[in-house]
Each structure stands twice: as structure tokens, then as C-alpha cells.
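Some notes on the structure that comes next.
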Amino acid sequence: MKIETYVLGPVMTNCYFAINEDTKETIIIDPADKAEVLIQKINKETLKPVAVLLTHGHFDHILAASEIAVNFHIPIYASKEEKELLETPSLNLSVSLGKNISLTPTTLLNDKDIIKLAGTEVNVIHTPGHTSGGICYLFKESKILFSGDTLFEGTVGRADLPTGNLNTLLDSVNHKLMTLPDDTTVFPGHGESTTIGHERNTNPYVS
């Protein structure tokens, strides 16, 4: 898998393209904003989008999701626990932008689900804490984790927003993500990539 990163939106959110280099099938993770820019890049590279994966429902991770899904006739995946937050502007914080964004995913996911997309298997890890329905996506074969706002380089996500809980977040990080191999590359919702091993050794929130 080739990973392309685009930093978009008012709070510099990472949107990722996970590209099968043989087929150009592309999974879009957290299309944060600027749908027209992402669509232009997809068309320029002659990519073949197959799905949108959402790590959670905050506005800064979903602003371009609906437009991309409609444009390319592809499904949107998200956790079933995140459905209410995605559909409710006051919970997904889009009201802070003066917008009322409500998004209903095409497919609702459960913990430990396995999705087959773009020639690979994607493992779903439910990691509540930043939001109640936050999930991470593990591409086990490629040793890649898309962690959303659960785990960052040197820190973890906020837990003071709607449906967040710090103890739950720390439990998710320590008992779900830290069970992964050290050489798993972590692509977070904001900031630079890291590895599970680096976070295990340096992150103050890892016990």
C-alpha cells in the first residue's frame, strides 16, 4: 500500500489515501475538507476510489465525505457507536463552524470486523475515548494503523468533547493499540506519523 497524506481544513486534519499500486484502487480515510481538491487529485492520478473510512465523526474529519462518496458512488464506513454523533451537528461540533453537518454512514462497523477493500483486509479496532464510537483501522499485512484522534506522536486525543472519556481513551490506547507490533506505522488524525514501538517507549500516556 502506498499512503498519500493531505493536510486539510481549519484544524489541519490529516486525510489519507491508501492506494493499491497495482490496481490504483484507493481507500480514503477521513476526508477532512476541500472535496474539490481531493476529487481533482484522484482524477489527476487516475485513482479508483472504493470506500471512505471514518475514524470518528467530528466535523474536521468528515467535511468532504459526502461529496466524495456521491461523486465516486462509493460507501462510507463508520462505527455503529458513532452514528448519533455523525448525524447530530451539536455533537460533531459542526455548529462551531456555523454549519449543520449531518452524515449517515452507508455501512456501520463493529469492533473486530474485517473489511476487504482494494485487495487487502482492513481490521476494525473500536477505540472509544476521544468519542464513544472512535475506531482505528489496521492494515495488518502492510503493518499500518490509521489511529484517528486516539493516538498521536507523543500524546493522545482530547477527551473533553461530546461522548469523550479520558479513562476510556487510555484504556483503548494501552489495551488495544499497544498490543500491536512495535514496527506498526501509525498515521494519526493530526501531526506526524509514528510507530507503536516509539509510542510504547516515549509516550507519557502509555503505561
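By convention in this document, the chains of the C-alpha cells carry letters A, B, ... by their order, each chain's residues are numbered from 1, and ligands are numbered from 1 in the order they are shown.
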
(request) Taking the chain letters and numbering used in this document, name the residues of segment 166-206 of chain A that DSSP puts in strand (DSSP E), as a ChimeraX atom specification. (result) /A:185-188,194-195

(request) Per DSSP on the backbone, filter segment 28-188 of chain A down to the residues in alpha helix (DSSP H) and report them as a VMD selection string. (result) chain A and resid 35 to 44 65 to 72 83 to 87 89 to 92 166 to 175

(message) Set the distance at 7 Å and use only C-alpha atoms: which residues neighbour segment 53-63 of chain A once local chain neighbours fewer than 4 positions away are removed? I'd like the list as a ChimeraX atom specification.
(response) /A:9,11,13,28-33,76-78,82,85-86,92-94,133-136,148

(message) Just the number, please: distance in Å from atom CA of His190 of chain A to atom CA of Gly154 of chain A, one decimal.
(response) 11.8 Å

(message) Residues near segment 175-178 of chain A, anyone? I mean within 7 Å using only C-alpha atoms, not counting same-chain ones fewer than 3 positions away, as JSON, numbers by chain.
(response) {"A": [171, 172, 196, 200]}

(request) Could you check which of A:Ala35, A:Leu151, A:Leu166, A:Ala159 is closest to Phe187 of chain A, using only C-alpha atoms? (result) A:Leu151

(message) So that I can see what lies close to Thr120 of chain A, please list as a list in words the residues with an atom at most 8 Å from it, counting only C-alpha atoms and leaving out residues fewer than 2 positions away in the same chain.
(response)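 Near Thr120 of chain A, the qualifying residues are Lys116, Leu117, Ala118, Val122, Phe139 and Glu141 of chain A.
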
Residue subset to file, keeping N, CA and C atoms, as a PDB file, in the first residue's frame:
```
ATOM      1  N   LYS A 116     -12.829  -6.149   3.440  1.00  0.00           N
ATOM      2  CA  LYS A 116     -11.935  -6.436   2.317  1.00  0.00           C
ATOM      3  C   LYS A 116     -12.110  -5.348   1.267  1.00  0.00           C
ATOM      4  N   LEU A 117     -11.064  -4.540   1.112  1.00  0.00           N
ATOM      5  CA  LEU A 117     -11.103  -3.396   0.197  1.00  0.00           C
ATOM      6  C   LEU A 117      -9.758  -3.252  -0.510  1.00  0.00           C
ATOM      7  N   ALA A 118      -9.787  -2.873  -1.753  1.00  0.00           N
ATOM      8  CA  ALA A 118      -8.567  -2.552  -2.504  1.00  0.00           C
ATOM      9  C   ALA A 118      -7.520  -3.656  -2.421  1.00  0.00           C
ATOM     10  N   VAL A 122      -8.836  -5.019   6.041  1.00  0.00           N
ATOM     11  CA  VAL A 122      -8.763  -3.920   6.998  1.00  0.00           C
ATOM     12  C   VAL A 122      -9.453  -4.370   8.278  1.00  0.00           C
ATOM     13  N   PHE A 139      -4.245  -2.102   8.816  1.00  0.00           N
ATOM     14  CA  PHE A 139      -3.893  -2.841   7.605  1.00  0.00           C
ATOM     15  C   PHE A 139      -2.765  -3.785   8.018  1.00  0.00           C
ATOM     16  N   GLU A 141      -1.419  -6.576   6.962  1.00  0.00           N
ATOM     17  CA  GLU A 141      -0.412  -7.044   6.011  1.00  0.00           C
ATOM     18  C   GLU A 141       0.653  -5.987   5.755  1.00  0.00           C
TER      19      GLU A 141
END
```

(request) Do a neighbour search on segment 110-115 of chain A at 6 Å with only C-alpha atoms, toss out local chain neighbours closer than 3 positions, and write the hits as an MDAnalysis selection string. (result) chainID A and resid 121:126

(request) Measure the distance from atom CA of His130 of chain A to atom CA of Thr168 of chain A in Å and round it to one decimal. (result)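 So the answer is 8.4 Å.
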
(message) List the spatial neighbours of Glu192 of chain A as an MDAnalysis selection string - criterion: any atom at most 10 Å away, only C-alpha atoms, same-chain residues fewer than 2 positions off excluded.
(response) chainID A and resid 14 152:153 186:190 194

(request) Grab the atom CA of Pro10 of chain A to atom CA of Ser79 of chain A distance for me, in Å with one decimal place. (result)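 Computing the Euclidean distance for atom CA of Pro10 of chain A and atom CA of Ser79 of chain A yields 24.0 Å.
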
(request) Can you work out which one of A:Asn174, A:Gln40, A:Asn71, A:Thr155 has the shortest atom-to-atom distance to Ser207 of chain A, counting only C-alpha atoms? (result)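 Smallest distance to Ser207 of chain A is found for A:Asn174.
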
(request) Could you check which of A:Glu4, A:Asp183, A:Glu36, A:Asp149 is closest to Ile68 of chain A, using only C-alpha atoms? (result)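 Using only C-alpha atoms, the shortest distance to Ile68 of chain A belongs to A:Glu36.
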
(message) Which residue is closest to Phe17 of chain A? Choose from A:Ile74, A:Ile3, A:Ala51, A:Ala65 and count only C-alpha atoms.
(response) A:Ile3

(request) May I ask which of the residues A:Asp182, A:Ala64, A:Gly129, A:Asn20 is the closest one to Ser102 of chain A, counting only C-alpha atoms? (result)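 Of all the options, A:Ala64 lies closest to Ser102 of chain A.
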